[in-house]
Amino acid sequence: MFWNSPLRLLVNFRKYLVLAGVTVFAVAGDSMLSHGMKQVGSISIHHLQSVFLAVANPWIAVGILFLLGFFATYTNALSWADLTYVMPATALGYVLLALVARFVLHEHISPLRWIGIALITSGVGFVAGGPALTEHPLGEAAKLVAKAHASAVASRVES
């Protein structure tokens, strides 16, 4: 049966890999943007030249690429799972981002922020046990309608 097959394990592995990609790309992209903006300094939308110069900073440019990777993996995850599953499943990113900010970017993180990060991350446990995709009763009906439509089209093509 499919549920116990190696194919199912591969599908689950790919889903976890996508969720890990969402987390890693977001953390890497945000960290690089932060590092680059500390080099660039203050910019203003009223001075577009400063915005373009900021984007030319290698840290910011690579950070943007990582955030594009985040966007690609995030939309992929949302194509097979509910938002209420994807967002909490990537909450580990809050912890990783805090660790990178503290130990790589040398930012001060107050105890209150650590508590907030812990609370957000602990909330994952409440939703992690639920289904990845909400089953809608109309979903089955829509499948039946699509199947009937496909049969009707196929019978027209044959005649």
# chains A, B, ... in the order shown; residues from 1 in each chain; ligands from 1
>>> residues_around(residues="segment 93-108 of chain A", least_positions_apart="2", cutoff="6 Å", atoms="only C-alpha atoms", output="number ranges by chain")
A: 23, 27, 90-91
>>> write_last_selection(atoms="N, CA and C atoms", output="PDB file, in the first residue's frame")
ATOM      1  N   THR A  23      12.801  28.013   5.916  1.00  0.00           N
ATOM      2  CA  THR A  23      13.447  28.518   7.130  1.00  0.00           C
ATOM      3  C   THR A  23      14.863  29.005   6.850  1.00  0.00           C
ATOM      4  N   VAL A  27      16.206  32.952   7.018  1.00  0.00           N
ATOM      5  CA  VAL A  27      17.227  33.338   7.998  1.00  0.00           C
ATOM      6  C   VAL A  27      18.458  33.895   7.293  1.00  0.00           C
ATOM      7  N   THR A  90       7.566  26.687  10.119  1.00  0.00           N
ATOM      8  CA  THR A  90       8.808  27.423   9.857  1.00  0.00           C
ATOM      9  C   THR A  90       9.201  28.320  11.031  1.00  0.00           C
ATOM     10  N   ALA A  91       8.542  28.154  12.180  1.00  0.00           N
ATOM     11  CA  ALA A  91       8.828  28.995  13.345  1.00  0.00           C
ATOM     12  C   ALA A  91      10.227  28.781  13.897  1.00  0.00           C
TER      13      ALA A  91
END
>>> atom_distance(atom1="atom CA of Ala61 of chain A", atom2="atom CA of Leu33 of chain A")
8.1 Å
>>> residues_around(residues="Pro58 of chain A", least_positions_apart="2", cutoff="12 Å", atoms="only C-alpha atoms", output="list in words")
Met32, Leu33, His35, Gly36, Met37, Gln39, Val40, Leu53, Ala54, Val55, Ala56, Ile60, Ala61, Val62, Gly63, Ile64 and Leu65 of chain A
>>> write_last_selection(atoms="C-alpha atoms", output="PDB file, in the first residue's frame")
ATOM      1  CA  MET A  32      22.565  39.250   5.015  1.00  0.00           C
ATOM      2  CA  LEU A  33      20.200  42.187   4.548  1.00  0.00           C
ATOM      3  CA  HIS A  35      24.596  42.996   7.733  1.00  0.00           C
ATOM      4  CA  GLY A  36      24.524  44.886   4.444  1.00  0.00           C
ATOM      5  CA  MET A  37      22.295  47.655   5.774  1.00  0.00           C
ATOM      6  CA  GLN A  39      27.391  48.772   6.149  1.00  0.00           C
ATOM      7  CA  VAL A  40      25.275  51.067   3.974  1.00  0.00           C
ATOM      8  CA  LEU A  53      23.397  52.022  -3.991  1.00  0.00           C
ATOM      9  CA  ALA A  54      22.150  49.885  -1.118  1.00  0.00           C
ATOM     10  CA  VAL A  55      21.004  47.144  -3.492  1.00  0.00           C
ATOM     11  CA  ALA A  56      24.453  47.238  -5.111  1.00  0.00           C
ATOM     12  CA  ILE A  60      22.209  43.045   0.281  1.00  0.00           C
ATOM     13  CA  ALA A  61      22.213  41.625  -3.255  1.00  0.00           C
ATOM     14  CA  VAL A  62      22.893  38.089  -1.987  1.00  0.00           C
ATOM     15  CA  GLY A  63      20.344  38.598   0.792  1.00  0.00           C
ATOM     16  CA  ILE A  64      17.753  39.493  -1.824  1.00  0.00           C
ATOM     17  CA  LEU A  65      18.617  36.320  -3.758  1.00  0.00           C
TER      18      LEU A  65
END
>>> closest_residue(among="A:Trp80, A:Pro111, A:His47, A:Tyr74", to="Asn12 of chain A", atoms="only C-alpha atoms")
A:Trp80
>>> closest_residue(among="A:Ile43, A:Leu48, A:Ala28, A:Ala81", to="Lys15 of chain A", atoms="only C-alpha atoms")
A:Ala81
>>> closest_residue(among="A:Gly69, A:Gly41, A:Gly123, A:Gly116", to="Tyr85 of chain A", atoms="only C-alpha atoms")
A:Gly123
